[in-house]
Amino acid sequence: MSTHLLSSPTNFGIGGVVKELSWNWENQQLRIVYETIGNGSPLLLLPAFSTVSTREEMSGIARLLAPYFQIVAVDWPGFGDSSRLPVNYEPAIYEDFLEYFVTSVFNSPVAVVAAGHSAAYVLKLARKNSSVFSRLVIVAPTWRGPLPTMGVDRQLAGVFREIVRSPIVGQVLYKLNTVPSFLSFMYRRHVYVDAAKLTPSFIKHKWQNTQQPGARFAPAAFVTGNLDAVHNQADFLALVQDLSVPLLVVIGESSPSKSRADMDALAGLSGVQTAILPGSLGMHEEYPEAVTEMILPFLRTAS
């Protein structure tokens with residue numbers, strides 16, 4: 001592993017020291033960008049997968065937790081400032097990457113705060129290797145991509161994914177699905193609760209992230225369900241059963257009905273600590289103060 005400071009500035013960070021490392025996936029070198037801020041024991045922050053996913057969405061939580069921890073926030077492969085190569089994005093990539101990153105960057109078990117789809121990958125790794133994490137916080141956890149959630153057949157969703165990956169038609173479709181008006185609609189529908197926060201400058205900033213070279217490949221995989229780490233609720237709940245690492249599930253009270261049902265099912269399992277707070281699927285970004293106030297005592301409790 002090679003790690004060094006990133007020389008070029010970034011517009012999608014958390015206000016800390018930006019670093020990068022090189023990671024190999026199937027003989028292709030991917031640049032992974034991550035950022036550190038604060039002092040103390042390490043705490044890993046993992047953003048949710050989405051069309052606009054970057055580590056920046058964790059910036060509010062990062063700044064509030066920086067007095068207590070050394071925060072490490074990372075951009076997943078295919079998202080944010082990390083490489084967005086036209087590889088076949090699938091769960092195996094993210095399972096392999098997460099294990100590599102955690103075991104390479106940290107020398108001891110690390111606490112983690114994972115949002116959205118990141119939750120399932122963290123839970124899978126925790127079951128596979130219980131020694132890598134010390135405490136788990138999953139915020140508005142999900143496991144099913146947007147099209148499968150809408151009831152679209154996975155085979156049909158796969159056809160759509162390949163169309164979006166195509167050179168010309170795919171670029172056109174992607175741009176139509178990332179225009180500011182559509183991004184604003186999606187945020188109002190199931191990401192943010194307070195529409196007043198969705199200012200033109202906020203949406204423009206999110207849109208700029210979607211226009212980076214290669215930006216459509218990983219989001220297309222997410223939207224069509226190709227990044228779903230599991231394929232049914234039973235398997236999602238099974239990730240938590242017999243888990244040996246302390247777990248806190250933070251639920252957005254306004255989450256979409258199908259996602260909320262999955263979160264409530266998690267909350268009903270034995271040994272799971274739960275908190276219900278204002279917000280929806282983007283609660284970690286929209287309400288960082290409330291989320292931080294809830295998770296800080298859990299994170300600071302000795303195992």
# chains A, B, ... in the order shown; residues from 1 in each chain; ligands from 1
call {"tool": "residues_around", "arguments": {"residues": "Thr51 in chain A", "least_positions_apart": "6", "cutoff": "10 Å", "atoms": "only C-alpha atoms", "output": "ChimeraX atom specification"}}
result
/A:79-80,174,177-178,183,206-207,209-210,215-223
call {"tool": "residues_around", "arguments": {"residues": "range 15-18 of chain A", "least_positions_apart": "2", "cutoff": "8 Å", "atoms": "only C-alpha atoms", "output": "PyMOL selection string"}}
result
chain A and resi 5-6+13+20+33-37+59
call {"tool": "select_by_dssp", "arguments": {"residues": "range 141-250 of chain A", "states": "helix (DSSP H, G or I)", "output": "VMD selection string"}}
result
chain A and resid 146 to 149 154 to 165 169 to 176 180 to 191 195 to 197 200 to 210 217 to 223 233 to 238
call {"tool": "residues_around", "arguments": {"residues": "Ser82 in chain A", "least_positions_apart": "3", "cutoff": "10 Å", "atoms": "only C-alpha atoms", "output": "list in words"}}
result
Glu20, Leu21, Ser22, Leu30, Arg31, Ile32, Val33, Tyr34, Thr54, Val74, Asp75, Trp76, Pro77, Gly78, Phe79 and Leu85 of chain A
call {"tool": "atom_distance", "arguments": {"atom1": "CA of Ser254 in chain A", "atom2": "CA of Ser280 in chain A"}}
result
4.9 Å
call {"tool": "atom_distance", "arguments": {"atom1": "CA of Glu95 in chain A", "atom2": "CA of Phe69 in chain A"}}
result
25.0 Å
call {"tool": "select_by_dssp", "arguments": {"residues": "range 130-187 of chain A", "states": "strand (DSSP E)", "output": "compact mmCIF listing (two decimals) with N, CA and C atoms, in the first residue's frame"}}
result
# COMPACT_ATOMS: atom_id res chain seq x y z
N PHE A 133 -13.50 -4.26 13.87
CA PHE A 133 -14.30 -3.15 14.38
C PHE A 133 -14.45 -3.25 15.89
N SER A 134 -14.52 -2.08 16.55
CA SER A 134 -14.75 -2.05 17.99
C SER A 134 -16.20 -1.72 18.33
N ARG A 135 -16.81 -0.82 17.56
CA ARG A 135 -18.21 -0.47 17.74
C ARG A 135 -18.79 -0.09 16.39
N LEU A 136 -20.07 -0.38 16.19
CA LEU A 136 -20.73 -0.12 14.92
C LEU A 136 -21.93 0.81 15.12
N VAL A 137 -21.97 1.87 14.33
CA VAL A 137 -23.15 2.72 14.25
C VAL A 137 -23.60 2.71 12.80
N ILE A 138 -24.84 2.32 12.55
CA ILE A 138 -25.37 2.37 11.19
C ILE A 138 -26.56 3.34 11.18
N VAL A 139 -26.48 4.32 10.28
CA VAL A 139 -27.45 5.41 10.24
C VAL A 139 -28.33 5.26 9.00
call {"tool": "residues_around", "arguments": {"residues": "Ala238 in chain A", "least_positions_apart": "3", "cutoff": "12 Å", "atoms": "only C-alpha atoms", "output": "ChimeraX atom specification"}}
result
/A:120,123-124,127,230-235,241-243,265-266,269-270
call {"tool": "write_last_selection", "arguments": {"atoms": "C-alpha atoms", "output": "mmCIF file, in the first residue's frame"}}
result
data_model
loop_
_atom_site.group_PDB
_atom_site.id
_atom_site.type_symbol
_atom_site.label_atom_id
_atom_site.label_comp_id
_atom_site.auth_asym_id
_atom_site.auth_seq_id
_atom_site.Cartn_x
_atom_site.Cartn_y
_atom_site.Cartn_z
ATOM 1 C CA ALA A 120 -24.656 -3.949 4.984
ATOM 2 C CA LEU A 123 -22.092 -5.788 8.969
ATOM 3 C CA LYS A 124 -20.818 -8.418 6.531
ATOM 4 C CA ARG A 127 -19.403 -11.095 10.834
ATOM 5 C CA VAL A 230 -27.990 -8.926 0.167
ATOM 6 C CA HIS A 231 -31.215 -9.551 -1.733
ATOM 7 C CA ASN A 232 -33.907 -9.909 0.903
ATOM 8 C CA GLN A 233 -34.776 -8.696 4.361
ATOM 9 C CA ALA A 234 -34.102 -12.068 5.978
ATOM 10 C CA ASP A 235 -30.496 -12.028 4.796
ATOM 11 C CA GLN A 241 -27.697 -12.110 14.387
ATOM 12 C CA ASP A 242 -24.872 -13.417 16.577
ATOM 13 C CA LEU A 243 -22.905 -10.225 15.934
ATOM 14 C CA ALA A 265 -37.039 -5.057 11.802
ATOM 15 C CA LEU A 266 -33.376 -4.525 12.688
ATOM 16 C CA LEU A 269 -33.549 -7.919 17.093
ATOM 17 C CA SER A 270 -32.057 -8.900 20.416
#
call {"tool": "residues_around", "arguments": {"residues": "Phe202 in chain A", "least_positions_apart": "5", "cutoff": "12 Å", "atoms": "only C-alpha atoms", "output": "list in words"}}
result
Val52, Glu57, Pro180, Ser181, Leu183, Ser184, Tyr187, Ala195, Ala196, Lys197, Trp207, Gln208, Asn209 and Glu286 of chain A
call {"tool": "closest_residue", "arguments": {"among": "A:Asn24, A:Asn39, A:Thr224, A:Gln70", "to": "Gln155 in chain A", "atoms": "only C-alpha atoms"}}
result
A:Thr224
call {"tool": "closest_residue", "arguments": {"among": "A:Asp81, A:Gly225, A:Arg189, A:Phe97", "to": "Asp153 in chain A", "atoms": "only C-alpha atoms"}}
result
A:Gly225
call {"tool": "atom_distance", "arguments": {"atom1": "CA of Val87 in chain A", "atom2": "CA of Trp143 in chain A"}}
result
21.4 Å
call {"tool": "residues_around", "arguments": {"residues": "Gly38 in chain A", "least_positions_apart": "2", "cutoff": "12 Å", "atoms": "only C-alpha atoms", "output": "PyMOL selection string"}}
result
chain A and resi 14-17+35-36+40-44+61-73
call {"tool": "closest_residue", "arguments": {"among": "A:Val245, A:Ala126, A:Ala157, A:Ala140", "to": "Asn226 in chain A", "atoms": "only C-alpha atoms"}}
result
A:Ala157
call {"tool": "closest_residue", "arguments": {"among": "A:Val193, A:Pro146, A:Phe12, A:Lys128", "to": "Asp96 in chain A", "atoms": "only C-alpha atoms"}}
result
A:Lys128
call {"tool": "closest_residue", "arguments": {"among": "A:Asn88, A:Ser104, A:Thr142, A:Thr301", "to": "Phe49 in chain A", "atoms": "only C-alpha atoms"}}
result
A:Thr142
call {"tool": "decode", "arguments": {"residues": "range 42-74 of chain A", "atoms": "N, CA and C atoms", "output": "PDB file, in the first residue's frame"}}
result
ATOM      1  N   PRO A  42      -9.132   6.333  16.488  1.00  0.00           N
ATOM      2  CA  PRO A  42      -9.686   6.480  15.141  1.00  0.00           C
ATOM      3  C   PRO A  42     -11.170   6.145  15.067  1.00  0.00           C
ATOM      4  N   LEU A  43     -11.851   6.835  14.176  1.00  0.00           N
ATOM      5  CA  LEU A  43     -13.266   6.605  13.900  1.00  0.00           C
ATOM      6  C   LEU A  43     -13.461   6.706  12.392  1.00  0.00           C
ATOM      7  N   LEU A  44     -13.950   5.652  11.786  1.00  0.00           N
ATOM      8  CA  LEU A  44     -14.158   5.601  10.341  1.00  0.00           C
ATOM      9  C   LEU A  44     -15.578   6.042  10.004  1.00  0.00           C
ATOM     10  N   LEU A  45     -15.690   6.973   9.050  1.00  0.00           N
ATOM     11  CA  LEU A  45     -16.988   7.421   8.564  1.00  0.00           C
ATOM     12  C   LEU A  45     -17.162   6.977   7.121  1.00  0.00           C
ATOM     13  N   LEU A  46     -18.263   6.292   6.840  1.00  0.00           N
ATOM     14  CA  LEU A  46     -18.536   5.762   5.507  1.00  0.00           C
ATOM     15  C   LEU A  46     -19.820   6.373   4.964  1.00  0.00           C
ATOM     16  N   PRO A  47     -19.735   7.131   3.868  1.00  0.00           N
ATOM     17  CA  PRO A  47     -20.939   7.734   3.296  1.00  0.00           C
ATOM     18  C   PRO A  47     -21.847   6.699   2.662  1.00  0.00           C
ATOM     19  N   ALA A  48     -23.086   7.086   2.465  1.00  0.00           N
ATOM     20  CA  ALA A  48     -24.048   6.222   1.786  1.00  0.00           C
ATOM     21  C   ALA A  48     -23.731   6.162   0.296  1.00  0.00           C
ATOM     22  N   PHE A  49     -24.105   5.070  -0.346  1.00  0.00           N
ATOM     23  CA  PHE A  49     -24.044   5.018  -1.800  1.00  0.00           C
ATOM     24  C   PHE A  49     -25.216   5.828  -2.368  1.00  0.00           C
ATOM     25  N   SER A  50     -24.952   6.595  -3.397  1.00  0.00           N
ATOM     26  CA  SER A  50     -25.996   7.346  -4.083  1.00  0.00           C
ATOM     27  C   SER A  50     -25.387   7.965  -5.325  1.00  0.00           C
ATOM     28  N   THR A  51     -26.211   8.584  -6.126  1.00  0.00           N
ATOM     29  CA  THR A  51     -25.711   9.267  -7.317  1.00  0.00           C
ATOM     30  C   THR A  51     -24.769  10.400  -6.933  1.00  0.00           C
ATOM     31  N   VAL A  52     -24.948  10.961  -5.752  1.00  0.00           N
ATOM     32  CA  VAL A  52     -24.156  12.119  -5.320  1.00  0.00           C
ATOM     33  C   VAL A  52     -23.231  11.776  -4.156  1.00  0.00           C
ATOM     34  N   SER A  53     -22.912  10.516  -3.968  1.00  0.00           N
ATOM     35  CA  SER A  53     -22.136  10.088  -2.801  1.00  0.00           C
ATOM     36  C   SER A  53     -20.732  10.686  -2.771  1.00  0.00           C
ATOM     37  N   THR A  54     -20.389  11.327  -1.655  1.00  0.00           N
ATOM     38  CA  THR A  54     -19.016  11.740  -1.353  1.00  0.00           C
ATOM     39  C   THR A  54     -18.843  11.727   0.159  1.00  0.00           C
ATOM     40  N   ARG A  55     -17.598  11.727   0.575  1.00  0.00           N
ATOM     41  CA  ARG A  55     -17.318  11.781   2.016  1.00  0.00           C
ATOM     42  C   ARG A  55     -17.792  13.101   2.623  1.00  0.00           C
ATOM     43  N   GLU A  56     -18.017  14.103   1.781  1.00  0.00           N
ATOM     44  CA  GLU A  56     -18.451  15.412   2.269  1.00  0.00           C
ATOM     45  C   GLU A  56     -19.764  15.329   3.027  1.00  0.00           C
ATOM     46  N   GLU A  57     -20.625  14.373   2.677  1.00  0.00           N
ATOM     47  CA  GLU A  57     -21.904  14.280   3.364  1.00  0.00           C
ATOM     48  C   GLU A  57     -21.735  13.927   4.838  1.00  0.00           C
ATOM     49  N   MET A  58     -20.536  13.454   5.208  1.00  0.00           N
ATOM     50  CA  MET A  58     -20.249  13.154   6.609  1.00  0.00           C
ATOM     51  C   MET A  58     -19.566  14.316   7.322  1.00  0.00           C
ATOM     52  N   SER A  59     -19.432  15.471   6.648  1.00  0.00           N
ATOM     53  CA  SER A  59     -18.617  16.560   7.190  1.00  0.00           C
ATOM     54  C   SER A  59     -19.186  17.137   8.481  1.00  0.00           C
ATOM     55  N   GLY A  60     -20.514  17.250   8.575  1.00  0.00           N
ATOM     56  CA  GLY A  60     -21.096  17.786   9.794  1.00  0.00           C
ATOM     57  C   GLY A  60     -20.802  16.907  10.993  1.00  0.00           C
ATOM     58  N   ILE A  61     -21.002  15.608  10.836  1.00  0.00           N
ATOM     59  CA  ILE A  61     -20.685  14.663  11.908  1.00  0.00           C
ATOM     60  C   ILE A  61     -19.193  14.671  12.201  1.00  0.00           C
ATOM     61  N   ALA A  62     -18.382  14.741  11.145  1.00  0.00           N
ATOM     62  CA  ALA A  62     -16.929  14.710  11.321  1.00  0.00           C
ATOM     63  C   ALA A  62     -16.447  15.873  12.173  1.00  0.00           C
ATOM     64  N   ARG A  63     -16.911  17.068  11.895  1.00  0.00           N
ATOM     65  CA  ARG A  63     -16.457  18.240  12.655  1.00  0.00           C
ATOM     66  C   ARG A  63     -16.917  18.180  14.104  1.00  0.00           C
ATOM     67  N   LEU A  64     -18.114  17.655  14.334  1.00  0.00           N
ATOM     68  CA  LEU A  64     -18.630  17.569  15.699  1.00  0.00           C
ATOM     69  C   LEU A  64     -17.916  16.488  16.511  1.00  0.00           C
ATOM     70  N   LEU A  65     -17.454  15.441  15.842  1.00  0.00           N
ATOM     71  CA  LEU A  65     -16.773  14.350  16.539  1.00  0.00           C
ATOM     72  C   LEU A  65     -15.262  14.525  16.595  1.00  0.00           C
ATOM     73  N   ALA A  66     -14.717  15.466  15.814  1.00  0.00           N
ATOM     74  CA  ALA A  66     -13.263  15.654  15.744  1.00  0.00           C
ATOM     75  C   ALA A  66     -12.610  15.978  17.089  1.00  0.00           C
ATOM     76  N   PRO A  67     -13.286  16.658  18.023  1.00  0.00           N
ATOM     77  CA  PRO A  67     -12.643  16.879  19.330  1.00  0.00           C
ATOM     78  C   PRO A  67     -12.423  15.600  20.138  1.00  0.00           C
ATOM     79  N   TYR A  68     -13.090  14.524  19.743  1.00  0.00           N
ATOM     80  CA  TYR A  68     -13.033  13.294  20.524  1.00  0.00           C
ATOM     81  C   TYR A  68     -12.305  12.157  19.813  1.00  0.00           C
ATOM     82  N   PHE A  69     -12.220  12.221  18.494  1.00  0.00           N
ATOM     83  CA  PHE A  69     -11.664  11.123  17.703  1.00  0.00           C
ATOM     84  C   PHE A  69     -10.796  11.671  16.558  1.00  0.00           C
ATOM     85  N   GLN A  70      -9.937  10.798  16.052  1.00  0.00           N
ATOM     86  CA  GLN A  70      -9.320  11.094  14.771  1.00  0.00           C
ATOM     87  C   GLN A  70     -10.245  10.527  13.696  1.00  0.00           C
ATOM     88  N   ILE A  71     -10.897  11.412  12.998  1.00  0.00           N
ATOM     89  CA  ILE A  71     -11.886  11.021  12.004  1.00  0.00           C
ATOM     90  C   ILE A  71     -11.189  10.625  10.707  1.00  0.00           C
ATOM     91  N   VAL A  72     -11.627   9.528  10.117  1.00  0.00           N
ATOM     92  CA  VAL A  72     -11.175   9.111   8.798  1.00  0.00           C
ATOM     93  C   VAL A  72     -12.422   8.905   7.944  1.00  0.00           C
ATOM     94  N   ALA A  73     -12.589   9.759   6.923  1.00  0.00           N
ATOM     95  CA  ALA A  73     -13.730   9.655   6.012  1.00  0.00           C
ATOM     96  C   ALA A  73     -13.209   9.313   4.629  1.00  0.00           C
ATOM     97  N   VAL A  74     -13.832   8.351   3.977  1.00  0.00           N
ATOM     98  CA  VAL A  74     -13.298   7.830   2.718  1.00  0.00           C
ATOM     99  C   VAL A  74     -14.360   7.896   1.622  1.00  0.00           C
TER     100      VAL A  74
END
